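Data from data-v4.json: JSON, C-alpha atoms
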```json
[["chain", "number", "residue", "atom", "x", "y", "z"],
["I", 18, "MET", "CA", -0.81, -6.22, -11.81],
["I", 19, "THR", "CA", 1.74, -8.91, -11.05],
["I", 20, "ASP", "CA", 5.04, -7.04, -11.43],
["I", 21, "ARG", "CA", 6.14, -6.04, -7.93],
["I", 22, "SER", "CA", 9.31, -4.30, -9.10],
["I", 23, "LEU", "CA", 10.08, -0.58, -9.30],
["I", 24, "LYS", "CA", 12.61, -1.09, -12.10],
["I", 25, "GLY", "CA", 12.58, 1.91, -14.40],
["I", 26, "LYS", "CA", 10.17, 3.87, -12.20],
["I", 27, "THR", "CA", 11.08, 7.41, -11.17],
["I", 28, "LEU", "CA", 10.73, 8.35, -7.51],
["I", 29, "LEU", "CA", 11.06, 11.82, -6.07],
["I", 30, "ILE", "CA", 11.81, 11.64, -2.34],
["I", 31, "THR", "CA", 11.81, 14.66, -0.05],
["I", 32, "GLY", "CA", 14.20, 14.54, 2.89],
["I", 33, "GLY", "CA", 16.03, 11.70, 1.19],
["I", 34, "SER", "CA", 19.54, 12.26, 2.51],
["I", 35, "ARG", "CA", 19.19, 10.07, 5.61],
["I", 36, "GLY", "CA", 16.88, 7.89, 7.69],
["I", 37, "ILE", "CA", 13.59, 6.60, 6.36],
["I", 38, "GLY", "CA", 13.73, 8.59, 3.12],
["I", 39, "LEU", "CA", 17.13, 7.15, 2.25],
["I", 40, "ALA", "CA", 16.02, 3.62, 3.20],
["I", 41, "ILE", "CA", 12.99, 3.87, 0.89],
["I", 42, "GLY", "CA", 15.27, 5.09, -1.87],
["I", 43, "LYS", "CA", 17.72, 2.22, -1.38],
["I", 44, "ARG", "CA", 14.91, -0.36, -1.53],
["I", 45, "ALA", "CA", 13.72, 1.15, -4.81],
["I", 46, "ALA", "CA", 17.30, 1.37, -6.07],
["I", 47, "ALA", "CA", 17.69, -2.38, -5.54],
["I", 48, "ASP", "CA", 15.00, -2.82, -8.21],
["I", 49, "GLY", "CA", 16.81, -0.49, -10.61],
["I", 50, "ALA", "CA", 14.65, 2.61, -10.09],
["I", 51, "ASN", "CA", 15.46, 6.22, -10.88],
["I", 52, "ILE", "CA", 15.57, 8.26, -7.70],
["I", 53, "ALA", "CA", 15.63, 12.02, -7.28],
["I", 54, "ILE", "CA", 16.23, 13.16, -3.74],
["I", 55, "ILE", "CA", 15.44, 16.62, -2.43],
["I", 56, "ALA", "CA", 17.17, 17.69, 0.76],
["I", 57, "LYS", "CA", 18.78, 20.78, 2.23],
["I", 58, "THR", "CA", 22.00, 19.14, 3.36],
["I", 59, "ALA", "CA", 24.78, 19.43, 0.78],
["I", 60, "GLU", "CA", 27.67, 19.67, 3.24],
["I", 61, "ALA", "CA", 28.37, 17.44, 6.24],
["I", 62, "HIS", "CA", 26.62, 18.46, 9.46],
["I", 63, "ALA", "CA", 28.36, 18.30, 12.83],
["I", 64, "LYS", "CA", 25.69, 15.99, 14.29],
["I", 65, "LEU", "CA", 23.44, 14.78, 11.48],
["I", 66, "PRO", "CA", 24.83, 12.08, 9.18],
["I", 67, "GLY", "CA", 24.37, 12.18, 5.44],
["I", 68, "THR", "CA", 24.21, 14.72, 2.62],
["I", 69, "ILE", "CA", 22.51, 14.62, -0.77],
["I", 70, "HIS", "CA", 25.86, 13.53, -2.21],
["I", 71, "THR", "CA", 26.52, 10.66, 0.21],
["I", 72, "ALA", "CA", 22.91, 9.54, -0.23],
["I", 73, "ALA", "CA", 23.25, 9.58, -4.01],
["I", 74, "ALA", "CA", 26.39, 7.46, -3.76],
["I", 75, "GLU", "CA", 24.57, 4.92, -1.56],
["I", 76, "LEU", "CA", 21.64, 4.79, -3.96],
["I", 77, "GLU", "CA", 23.92, 4.28, -6.95],
["I", 78, "ALA", "CA", 25.74, 1.51, -5.10],
["I", 79, "ALA", "CA", 22.38, -0.14, -4.37],
["I", 80, "GLY", "CA", 21.56, -0.25, -8.08],
["I", 81, "GLY", "CA", 19.65, 2.94, -8.76],
["I", 82, "THR", "CA", 20.15, 5.91, -11.07],
["I", 83, "THR", "CA", 20.12, 9.08, -9.00],
["I", 84, "LEU", "CA", 19.70, 12.82, -9.11],
["I", 85, "ALA", "CA", 20.68, 14.78, -6.00],
["I", 86, "ILE", "CA", 18.93, 18.13, -5.65],
["I", 87, "GLN", "CA", 19.70, 20.62, -2.92],
["I", 88, "ALA", "CA", 16.42, 22.36, -2.21],
["I", 89, "ASP", "CA", 14.24, 23.61, 0.63],
["I", 90, "ILE", "CA", 10.62, 22.52, 0.22],
["I", 91, "ARG", "CA", 9.45, 25.65, 2.03],
["I", 92, "PHE", "CA", 10.10, 27.63, -1.15],
["I", 93, "GLU", "CA", 7.86, 27.24, -4.20],
["I", 94, "ASP", "CA", 10.50, 28.18, -6.77],
["I", 95, "GLN", "CA", 12.90, 25.55, -5.40],
["I", 96, "VAL", "CA", 10.25, 22.83, -5.49],
["I", 97, "GLU", "CA", 9.24, 23.76, -9.03],
["I", 98, "ALA", "CA", 12.88, 23.68, -10.10],
["I", 99, "ALA", "CA", 13.43, 20.29, -8.45],
["I", 100, "VAL", "CA", 10.41, 18.79, -10.19],
["I", 101, "ALA", "CA", 11.54, 20.25, -13.52],
["I", 102, "GLN", "CA", 15.04, 18.82, -13.06],
["I", 103, "THR", "CA", 13.62, 15.40, -12.25],
["I", 104, "VAL", "CA", 11.37, 15.36, -15.32],
["I", 105, "ALA", "CA", 14.18, 16.64, -17.56],
["I", 106, "ARG", "CA", 16.52, 13.91, -16.32],
["I", 107, "PHE", "CA", 14.16, 10.93, -16.20],
["I", 108, "GLY", "CA", 11.27, 11.87, -18.48],
["I", 109, "GLY", "CA", 8.54, 11.96, -15.83],
["I", 110, "ILE", "CA", 7.61, 11.14, -12.23],
["I", 111, "ASP", "CA", 5.89, 7.91, -11.16],
["I", 112, "ILE", "CA", 6.07, 8.21, -7.37],
["I", 113, "LEU", "CA", 6.31, 11.03, -4.84],
["I", 114, "ILE", "CA", 7.46, 10.23, -1.31],
["I", 115, "ASN", "CA", 6.55, 13.06, 1.09],
["I", 116, "ASN", "CA", 9.04, 12.15, 3.78],
["I", 117, "ALA", "CA", 10.55, 15.50, 4.78],
["I", 118, "SER", "CA", 9.40, 16.53, 8.23],
["I", 119, "ALA", "CA", 10.38, 18.81, 11.08],
["I", 120, "VAL", "CA", 9.74, 17.83, 14.68],
["I", 121, "GLN", "CA", 9.61, 19.41, 18.10],
["I", 122, "VAL", "CA", 7.50, 17.62, 20.67],
["I", 123, "GLY", "CA", 6.61, 20.46, 23.03],
["I", 124, "GLY", "CA", 3.61, 22.23, 24.47],
["I", 125, "THR", "CA", 1.96, 25.48, 23.49],
["I", 126, "LEU", "CA", 4.00, 27.70, 25.80],
["I", 127, "GLU", "CA", 7.26, 25.88, 25.08],
["I", 128, "THR", "CA", 7.10, 26.18, 21.28],
["I", 129, "PRO", "CA", 8.63, 29.32, 19.74],
["I", 130, "MET", "CA", 6.66, 30.56, 16.75],
["I", 131, "LYS", "CA", 9.77, 30.15, 14.62],
["I", 132, "ARG", "CA", 9.69, 26.41, 15.35],
["I", 133, "TYR", "CA", 5.91, 26.26, 14.89],
["I", 134, "ASP", "CA", 6.29, 27.88, 11.48],
["I", 135, "LEU", "CA", 9.08, 25.51, 10.47],
["I", 136, "MET", "CA", 7.01, 22.42, 11.27],
["I", 137, "HIS", "CA", 3.98, 23.68, 9.40],
["I", 138, "GLN", "CA", 5.96, 24.98, 6.43],
["I", 139, "ILE", "CA", 7.75, 21.66, 5.95],
["I", 140, "ASN", "CA", 5.22, 19.09, 7.14],
["I", 141, "ALA", "CA", 1.80, 20.32, 6.06],
["I", 142, "ARG", "CA", 2.58, 23.01, 3.49],
["I", 143, "GLY", "CA", 5.59, 21.23, 2.02],
["I", 144, "THR", "CA", 3.65, 18.01, 1.56],
["I", 145, "PHE", "CA", 0.78, 19.85, -0.13],
["I", 146, "MET", "CA", 3.09, 21.86, -2.38],
["I", 147, "CYS", "CA", 5.27, 18.96, -3.48],
["I", 148, "SER", "CA", 2.14, 16.98, -4.28],
["I", 149, "GLN", "CA", 0.66, 19.90, -6.22],
["I", 150, "LYS", "CA", 3.79, 20.37, -8.31],
["I", 151, "CYS", "CA", 4.21, 16.65, -9.06],
["I", 152, "LEU", "CA", 0.59, 15.87, -9.87],
["I", 153, "PRO", "CA", 0.61, 17.01, -13.51],
["I", 154, "HIS", "CA", 3.39, 14.50, -14.12],
["I", 155, "LEU", "CA", 1.95, 11.78, -11.90],
["I", 156, "LYS", "CA", -1.32, 11.91, -13.87],
["I", 157, "LYS", "CA", 0.65, 10.81, -16.94],
["I", 158, "ALA", "CA", 2.30, 7.83, -15.19],
["I", 159, "ALA", "CA", 1.19, 4.22, -15.55],
["I", 160, "ASN", "CA", 0.90, 3.46, -11.82],
["I", 161, "PRO", "CA", 1.25, 6.76, -9.93],
["I", 162, "HIS", "CA", 1.57, 6.90, -6.16],
["I", 163, "ILE", "CA", 1.93, 9.62, -3.55],
["I", 164, "LEU", "CA", 3.05, 8.32, -0.17],
["I", 165, "MET", "CA", 3.00, 10.41, 3.00],
["I", 166, "LEU", "CA", 5.09, 9.40, 6.00],
["I", 167, "SER", "CA", 2.38, 10.48, 8.40],
["I", 168, "PRO", "CA", 0.20, 8.97, 11.13],
["I", 169, "PRO", "CA", -3.39, 7.74, 11.21],
["I", 170, "LEU", "CA", -5.80, 10.46, 12.25],
["I", 171, "ASP", "CA", -6.71, 9.89, 15.89],
["I", 172, "MET", "CA", -8.69, 12.71, 17.43],
["I", 173, "SER", "CA", -7.99, 11.64, 21.00],
["I", 174, "PRO", "CA", -7.11, 14.76, 23.03],
["I", 175, "LYS", "CA", -4.01, 13.04, 24.42],
["I", 176, "TRP", "CA", -2.24, 13.51, 21.07],
["I", 177, "PHE", "CA", -2.92, 17.24, 21.23],
["I", 178, "ALA", "CA", -2.34, 17.99, 24.89],
["I", 179, "GLY", "CA", 1.31, 18.94, 25.31],
["I", 180, "THR", "CA", 2.21, 18.42, 21.64],
["I", 181, "LEU", "CA", -0.33, 20.57, 19.81],
["I", 182, "PRO", "CA", 2.03, 22.27, 17.31],
["I", 183, "TYR", "CA", 3.65, 19.00, 16.13],
["I", 184, "THR", "CA", 0.36, 17.10, 16.00],
["I", 185, "MET", "CA", -1.25, 19.82, 13.90],
["I", 186, "ALA", "CA", 1.67, 19.74, 11.47],
["I", 187, "LYS", "CA", 1.78, 15.95, 11.11],
["I", 188, "TYR", "CA", -1.99, 15.64, 10.86],
["I", 189, "GLY", "CA", -1.82, 18.22, 8.08],
["I", 190, "MET", "CA", 0.17, 15.68, 6.09],
["I", 191, "SER", "CA", -2.42, 13.01, 6.86],
["I", 192, "LEU", "CA", -5.26, 15.27, 5.76],
["I", 193, "CYS", "CA", -3.52, 15.49, 2.38],
["I", 194, "VAL", "CA", -4.02, 11.73, 2.08],
["I", 195, "LEU", "CA", -7.78, 12.06, 2.48],
["I", 196, "GLY", "CA", -8.07, 15.00, 0.13],
["I", 197, "LEU", "CA", -5.72, 13.88, -2.64],
["I", 198, "ALA", "CA", -7.02, 10.30, -2.67],
["I", 199, "ALA", "CA", -10.57, 11.54, -3.22],
["I", 200, "GLU", "CA", -9.74, 14.37, -5.59],
["I", 201, "PHE", "CA", -7.55, 12.31, -7.91],
["I", 202, "LYS", "CA", -9.35, 8.96, -7.71],
["I", 203, "LYS", "CA", -10.68, 9.21, -11.26],
["I", 204, "ALA", "CA", -7.22, 10.10, -12.52],
["I", 205, "GLY", "CA", -5.86, 6.93, -10.93],
["I", 206, "VAL", "CA", -3.32, 8.68, -8.68],
["I", 207, "ALA", "CA", -3.03, 6.89, -5.35],
["I", 208, "ALA", "CA", -2.43, 8.77, -2.11],
["I", 209, "ASN", "CA", -1.63, 6.80, 1.03],
["I", 210, "ALA", "CA", 0.01, 7.25, 4.41],
["I", 211, "LEU", "CA", 2.52, 4.95, 6.06],
["I", 212, "TRP", "CA", 3.46, 5.07, 9.73],
["I", 213, "PRO", "CA", 5.74, 2.77, 11.72],
["I", 214, "ARG", "CA", 4.33, 0.87, 14.69],
["I", 215, "THR", "CA", 7.51, 1.52, 16.64],
["I", 216, "ALA", "CA", 10.01, 4.31, 16.91],
["I", 217, "ILE", "CA", 12.63, 4.09, 14.16],
["I", 218, "ASP", "CA", 16.37, 4.57, 14.57],
["I", 219, "THR", "CA", 16.72, 7.97, 12.92],
["I", 220, "ALA", "CA", 18.41, 11.30, 13.59],
["I", 221, "ALA", "CA", 15.11, 12.60, 15.01],
["I", 222, "ILE", "CA", 15.22, 9.99, 17.78],
["I", 223, "ARG", "CA", 18.93, 10.39, 18.44],
["I", 224, "PHE", "CA", 19.00, 14.19, 18.56],
["I", 225, "GLU", "CA", 15.44, 15.45, 19.16],
["I", 226, "LEU", "CA", 13.28, 12.90, 20.94],
["I", 227, "GLY", "CA", 15.26, 10.83, 23.38],
["I", 228, "GLY", "CA", 18.86, 10.16, 22.47],
["I", 229, "GLU", "CA", 20.96, 7.03, 22.43],
["I", 230, "ALA", "CA", 19.14, 5.41, 25.35],
["I", 231, "MET", "CA", 16.04, 4.99, 23.19],
["I", 232, "ILE", "CA", 17.76, 3.47, 20.17],
["I", 233, "LYS", "CA", 17.84, -0.08, 21.54],
["I", 234, "HIS", "CA", 14.04, 0.05, 21.69],
["I", 235, "CYS", "CA", 13.71, 1.03, 18.03],
["I", 236, "ARG", "CA", 13.45, -0.75, 14.72],
["I", 237, "LYS", "CA", 15.60, -0.05, 11.68],
["I", 238, "PRO", "CA", 14.39, 2.18, 8.83],
["I", 239, "GLU", "CA", 14.37, -0.84, 6.51],
["I", 240, "ILE", "CA", 11.02, -2.00, 7.93],
["I", 241, "VAL", "CA", 9.40, 1.19, 6.66],
["I", 242, "ALA", "CA", 11.22, 0.87, 3.34],
["I", 243, "ASP", "CA", 9.96, -2.67, 2.79],
["I", 244, "ALA", "CA", 6.42, -1.64, 3.69],
["I", 245, "ALA", "CA", 6.63, 1.35, 1.34],
["I", 246, "HIS", "CA", 7.81, -0.91, -1.48],
["I", 247, "ALA", "CA", 4.77, -3.14, -0.98],
["I", 248, "ILE", "CA", 2.44, -0.13, -1.26],
["I", 249, "LEU", "CA", 4.16, 1.42, -4.26],
["I", 250, "THR", "CA", 4.02, -1.81, -6.27],
["I", 251, "ARG", "CA", 0.26, -2.21, -5.77],
["I", 252, "PRO", "CA", -2.16, -0.97, -8.45],
["I", 253, "SER", "CA", -2.78, 2.70, -7.78],
["I", 254, "ARG", "CA", -6.45, 2.49, -8.72],
["I", 255, "GLU", "CA", -6.99, -0.25, -6.14],
["I", 256, "CYS", "CA", -4.87, 1.10, -3.29],
["I", 257, "SER", "CA", -5.58, 4.68, -2.25],
["I", 258, "GLY", "CA", -6.79, 6.61, 0.77],
["I", 259, "ASN", "CA", -5.26, 4.20, 3.28],
["I", 260, "PHE", "CA", -3.42, 4.81, 6.54],
["I", 261, "PHE", "CA", -1.06, 1.86, 6.63],
["I", 262, "MET", "CA", 0.91, 0.57, 9.61],
["I", 263, "ASP", "CA", 4.23, -1.01, 8.65],
["I", 264, "ASP", "CA", 3.78, -4.28, 10.56],
["I", 265, "LEU", "CA", 0.19, -4.91, 9.44],
["I", 266, "LEU", "CA", 1.08, -4.06, 5.86],
["I", 267, "LEU", "CA", 3.98, -6.51, 5.88],
["I", 268, "ALA", "CA", 1.77, -9.17, 7.48],
["I", 269, "SER", "CA", -0.65, -8.76, 4.57],
["I", 270, "GLU", "CA", 2.32, -9.51, 2.31],
["I", 271, "GLY", "CA", 3.16, -12.67, 4.27],
["I", 272, "VAL", "CA", 5.98, -11.18, 6.34],
["I", 273, "THR", "CA", 5.33, -11.92, 10.01],
["I", 274, "ASP", "CA", 8.83, -12.38, 11.47],
["I", 275, "LEU", "CA", 10.00, -8.83, 12.10],
["I", 276, "SER", "CA", 12.97, -9.70, 14.32],
["I", 277, "LYS", "CA", 15.49, -8.76, 11.64],
["I", 278, "TYR", "CA", 14.31, -5.16, 11.83],
["I", 279, "ALA", "CA", 15.03, -4.74, 15.55],
["I", 280, "VAL", "CA", 18.06, -2.64, 16.48],
["I", 281, "ALA", "CA", 18.51, -4.80, 19.59],
["I", 282, "PRO", "CA", 16.57, -8.08, 19.21],
["I", 283, "GLY", "CA", 14.84, -9.13, 22.42],
["I", 284, "GLN", "CA", 14.46, -5.61, 23.79],
["I", 285, "PRO", "CA", 10.93, -4.25, 24.28],
["I", 286, "LEU", "CA", 9.95, -1.94, 21.44],
["I", 287, "LEU", "CA", 8.99, 1.68, 21.82],
["I", 288, "LEU", "CA", 5.60, 2.48, 20.34],
["I", 289, "ASP", "CA", 5.71, 5.37, 17.92],
["I", 290, "PHE", "CA", 3.96, 8.62, 18.69],
["I", 291, "PHE", "CA", 0.22, 8.70, 17.91],
["I", 292, "LEU", "CA", -0.16, 4.98, 18.68],
["I", 293, "SER", "CA", -1.64, 3.36, 21.79],
["I", 294, "GLY", "CA", -0.74, -0.31, 21.39],
["I", 295, "GLY", "CA", 0.55, -3.14, 19.26],
["I", 296, "PRO", "CA", -1.34, -4.77, 16.38],
["I", 297, "ASP", "CA", -3.72, -6.38, 18.87],
["I", 298, "GLY", "CA", -4.19, -3.14, 20.79],
["I", 299, "SER", "CA", -2.22, -4.32, 23.81],
["I", 300, "MET", "CA", 1.06, -3.10, 25.25],
["I", 301, "ASN", "CA", 2.59, -6.59, 25.31],
["I", 302, "GLY", "CA", 6.23, -6.21, 24.29],
["I", 303, "TYR", "CA", 5.96, -2.45, 23.86],
["I", 304, "LEU", "CA", 6.91, 0.65, 25.78],
["I", 305, "ALA", "CA", 4.81, 3.82, 25.60],
["I", 306, "PHE", "CA", 6.35, 6.74, 23.79],
["I", 307, "PRO", "CA", 7.31, 9.41, 26.35],
["I", 308, "GLY", "CA", 4.45, 11.87, 26.57],
["I", 309, "GLY", "CA", 2.19, 9.60, 24.55]]
```
Take the structure in this file and express it as structure tokens.
Amino acid sequence: MTDRSLKGKTLLITGGSRGIGLAIGKRAAADGANIAIIAKTAEAHAKLPGTIHTAAAELEAAGGTTLAIQADIRFEDQVEAAVAQTVARFGGIDILINNASAVQVGGTLETPMKRYDLMHQINARGTFMCSQKCLPHLKKAANPHILMLSPPLDMSPKWFAGTLPYTMAKYGMSLCVLGLAAEFKKAGVAANALWPRTAIDTAAIRFELGGEAMIKHCRKPEIVADAAHAILTRPSRECSGNFFMDDLLLASEGVTDLSKYAVAPGQPLLLDFFLSGGPDGSMNGYLAFPGG
């Protein structure tokens, strides 16, 4: 497979109204892809930027054909309707991006069950359900991919102590990679995970995990989008069951100068959660994620 373009491919992206999901959509749109985005936000939020409508406008401007769907992936009927709308509009689904995620980094006693339920309903259950509903269509595609925005599975107790509810929910997404890759190998449907080496400038960082002071130590969402594009344009039968890191993936594609992705070039970078060092395992040039 030599064509590294997503032109004419149909992507369904959960949580696509802002941040990493939107960046992945815009990279695909630049190729001329069809992009359906599922998100809850249809009206402007006081703090969070972006709605399904502003995202659709950005994707159209980037060169894509879009379908904006207001839906909550906690509800089966809404997911089924979103998949049906996507297939009716574009004729099928080639790629599913399981990007939607809820986060609260807190300990066992500090996590209300309502928040616990939200993280598990969106992260683990939502990823499984969206995959389940898209798979009949993905099995018909020429080069089908499912991509989870989830971390490598590291069973070190430090990722569970103090953050057990969130870790369980995110690792649930990663377990879907292992299961789906093996179950649908013969069908040629790829399932992979992608995780950024560093914290990314998103609403989660700005409003949940550290605020503006952390942004200068982040990279831009475009690094994840470029890495995702590299995965999604690989042959699905030859690229499945992997837990990719954005920087190592880009290096394998010949991209080693990552300075353009830095929010504030020259500043030390903040390692993302679930990671203990840079590509060489050291902390050179990196700051540890608080609590990590």
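Excluding stretch 79-82 of chain I itself and any same-chain residue fewer than 3 positions from it, the protein and nucleic acid residues within 10 Å of it, counting only C-alpha atoms, are Lys24, Gly25, Thr27, Gly42, Lys43, Arg44, Ala45, Ala46, Ala47, Asp48, Gly49, Ala50, Asn51, Ile52, Ala53, Ala73, Ala74, Glu75, Leu76 and Phe107 of chain I.
For the pair atom CA of I:Ile163 and atom CA of I:Ala221, the interatomic distance is 23.0 Å.
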TODO: Excluding I:Phe201 and any residue of its chain fewer than 2 positions from it, enumerate the residues within 12 Å of it, using all atoms listed in the file, and give them as a list in words.
DONE: Ser148, Gln149, Leu152, Pro153, Leu155, Lys156, Pro161, His162, Ile163, Cys193, Val194, Leu195, Gly196, Leu197, Ala198, Ala199, Lys203, Ala204, Gly205, Val206, Ala207, Ala208, Ser253, Arg254, Ser257 and Gly258 of chain I
- [ ] Would you list the residues near (8.5, 9.2, 0.0), meaning any protein, DNA or RNA residue with an atom at most 12 Å from that point in file coordinates, counting only C-alpha atoms, as an MDAnalysis selection string?
- [x] chainID I and resid 27:34 36:45 52:55 111:118 144 147:148 162:167 208:212 241:242 244:246 248:249
TODO: Might you pull out every residue within 12 Å of stretch 125-138 of chain I, with only C-alpha atoms counted and same-chain residues fewer than 5 positions away left off, and present them as a ChimeraX atom specification?
DONE: /I:89-93,117-120,143-147,177-190
Complete the atom set of stretch 77-104 of chain I to N, CA and C atoms and return it as a PDB file, in the frame of the given file.
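In the end it all went to selection-v7.pdb:
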```pdb
ATOM      1  N   GLU I  77      23.251   4.817  -5.765  1.00  0.00           N
ATOM      2  CA  GLU I  77      23.920   4.280  -6.950  1.00  0.00           C
ATOM      3  C   GLU I  77      24.506   2.906  -6.659  1.00  0.00           C
ATOM      4  N   ALA I  78      25.132   2.783  -5.486  1.00  0.00           N
ATOM      5  CA  ALA I  78      25.740   1.510  -5.100  1.00  0.00           C
ATOM      6  C   ALA I  78      24.678   0.420  -4.940  1.00  0.00           C
ATOM      7  N   ALA I  79      23.466   0.821  -4.564  1.00  0.00           N
ATOM      8  CA  ALA I  79      22.380  -0.140  -4.370  1.00  0.00           C
ATOM      9  C   ALA I  79      21.738  -0.559  -5.688  1.00  0.00           C
ATOM     10  N   GLY I  80      22.083   0.146  -6.776  1.00  0.00           N
ATOM     11  CA  GLY I  80      21.560  -0.250  -8.080  1.00  0.00           C
ATOM     12  C   GLY I  80      20.685   0.765  -8.773  1.00  0.00           C
ATOM     13  N   GLY I  81      20.526   1.939  -8.176  1.00  0.00           N
ATOM     14  CA  GLY I  81      19.650   2.940  -8.760  1.00  0.00           C
ATOM     15  C   GLY I  81      20.395   3.964  -9.596  1.00  0.00           C
ATOM     16  N   THR I  82      19.627   4.754 -10.352  1.00  0.00           N
ATOM     17  CA  THR I  82      20.150   5.910 -11.070  1.00  0.00           C
ATOM     18  C   THR I  82      19.638   7.133 -10.330  1.00  0.00           C
ATOM     19  N   THR I  83      20.516   8.042  -9.950  1.00  0.00           N
ATOM     20  CA  THR I  83      20.120   9.080  -9.000  1.00  0.00           C
ATOM     21  C   THR I  83      20.319  10.488  -9.514  1.00  0.00           C
ATOM     22  N   LEU I  84      19.565  11.383  -8.897  1.00  0.00           N
ATOM     23  CA  LEU I  84      19.700  12.820  -9.110  1.00  0.00           C
ATOM     24  C   LEU I  84      19.588  13.470  -7.741  1.00  0.00           C
ATOM     25  N   ALA I  85      20.657  14.119  -7.307  1.00  0.00           N
ATOM     26  CA  ALA I  85      20.680  14.780  -6.000  1.00  0.00           C
ATOM     27  C   ALA I  85      20.389  16.262  -6.178  1.00  0.00           C
ATOM     28  N   ILE I  86      19.354  16.737  -5.501  1.00  0.00           N
ATOM     29  CA  ILE I  86      18.930  18.130  -5.650  1.00  0.00           C
ATOM     30  C   ILE I  86      18.925  18.812  -4.283  1.00  0.00           C
ATOM     31  N   GLN I  87      19.738  19.837  -4.158  1.00  0.00           N
ATOM     32  CA  GLN I  87      19.700  20.620  -2.920  1.00  0.00           C
ATOM     33  C   GLN I  87      18.564  21.621  -3.039  1.00  0.00           C
ATOM     34  N   ALA I  88      17.578  21.473  -2.170  1.00  0.00           N
ATOM     35  CA  ALA I  88      16.420  22.360  -2.210  1.00  0.00           C
ATOM     36  C   ALA I  88      15.736  22.369  -0.857  1.00  0.00           C
ATOM     37  N   ASP I  89      15.016  23.440  -0.595  1.00  0.00           N
ATOM     38  CA  ASP I  89      14.240  23.610   0.630  1.00  0.00           C
ATOM     39  C   ASP I  89      12.776  23.632   0.227  1.00  0.00           C
ATOM     40  N   ILE I  90      12.005  22.640   0.681  1.00  0.00           N
ATOM     41  CA  ILE I  90      10.620  22.520   0.220  1.00  0.00           C
ATOM     42  C   ILE I  90       9.694  23.584   0.809  1.00  0.00           C
ATOM     43  N   ARG I  91      10.244  24.518   1.573  1.00  0.00           N
ATOM     44  CA  ARG I  91       9.450  25.650   2.030  1.00  0.00           C
ATOM     45  C   ARG I  91       9.270  26.692   0.931  1.00  0.00           C
ATOM     46  N   PHE I  92      10.080  26.592  -0.124  1.00  0.00           N
ATOM     47  CA  PHE I  92      10.100  27.630  -1.150  1.00  0.00           C
ATOM     48  C   PHE I  92       9.589  27.086  -2.486  1.00  0.00           C
ATOM     49  N   GLU I  93       8.538  27.719  -3.001  1.00  0.00           N
ATOM     50  CA  GLU I  93       7.860  27.240  -4.200  1.00  0.00           C
ATOM     51  C   GLU I  93       8.785  27.161  -5.403  1.00  0.00           C
ATOM     52  N   ASP I  94       9.626  28.184  -5.595  1.00  0.00           N
ATOM     53  CA  ASP I  94      10.500  28.180  -6.770  1.00  0.00           C
ATOM     54  C   ASP I  94      11.492  27.020  -6.722  1.00  0.00           C
ATOM     55  N   GLN I  95      11.952  26.667  -5.522  1.00  0.00           N
ATOM     56  CA  GLN I  95      12.900  25.550  -5.400  1.00  0.00           C
ATOM     57  C   GLN I  95      12.219  24.211  -5.665  1.00  0.00           C
ATOM     58  N   VAL I  96      10.984  24.064  -5.219  1.00  0.00           N
ATOM     59  CA  VAL I  96      10.250  22.830  -5.490  1.00  0.00           C
ATOM     60  C   VAL I  96       9.959  22.705  -6.986  1.00  0.00           C
ATOM     61  N   GLU I  97       9.518  23.786  -7.589  1.00  0.00           N
ATOM     62  CA  GLU I  97       9.240  23.760  -9.030  1.00  0.00           C
ATOM     63  C   GLU I  97      10.502  23.415  -9.820  1.00  0.00           C
ATOM     64  N   ALA I  98      11.631  23.971  -9.416  1.00  0.00           N
ATOM     65  CA  ALA I  98      12.880  23.680 -10.100  1.00  0.00           C
ATOM     66  C   ALA I  98      13.290  22.222  -9.916  1.00  0.00           C
ATOM     67  N   ALA I  99      13.088  21.683  -8.720  1.00  0.00           N
ATOM     68  CA  ALA I  99      13.430  20.290  -8.450  1.00  0.00           C
ATOM     69  C   ALA I  99      12.580  19.337  -9.279  1.00  0.00           C
ATOM     70  N   VAL I 100      11.292  19.619  -9.378  1.00  0.00           N
ATOM     71  CA  VAL I 100      10.410  18.790 -10.190  1.00  0.00           C
ATOM     72  C   VAL I 100      10.823  18.870 -11.660  1.00  0.00           C
ATOM     73  N   ALA I 101      11.126  20.068 -12.124  1.00  0.00           N
ATOM     74  CA  ALA I 101      11.540  20.250 -13.520  1.00  0.00           C
ATOM     75  C   ALA I 101      12.840  19.494 -13.808  1.00  0.00           C
ATOM     76  N   GLN I 102      13.784  19.551 -12.877  1.00  0.00           N
ATOM     77  CA  GLN I 102      15.040  18.820 -13.060  1.00  0.00           C
ATOM     78  C   GLN I 102      14.809  17.314 -13.124  1.00  0.00           C
ATOM     79  N   THR I 103      13.920  16.832 -12.284  1.00  0.00           N
ATOM     80  CA  THR I 103      13.620  15.400 -12.250  1.00  0.00           C
ATOM     81  C   THR I 103      13.003  14.951 -13.569  1.00  0.00           C
ATOM     82  N   VAL I 104      12.038  15.712 -14.063  1.00  0.00           N
ATOM     83  CA  VAL I 104      11.370  15.360 -15.320  1.00  0.00           C
ATOM     84  C   VAL I 104      12.344  15.456 -16.488  1.00  0.00           C
TER      85      VAL I 104
END
```
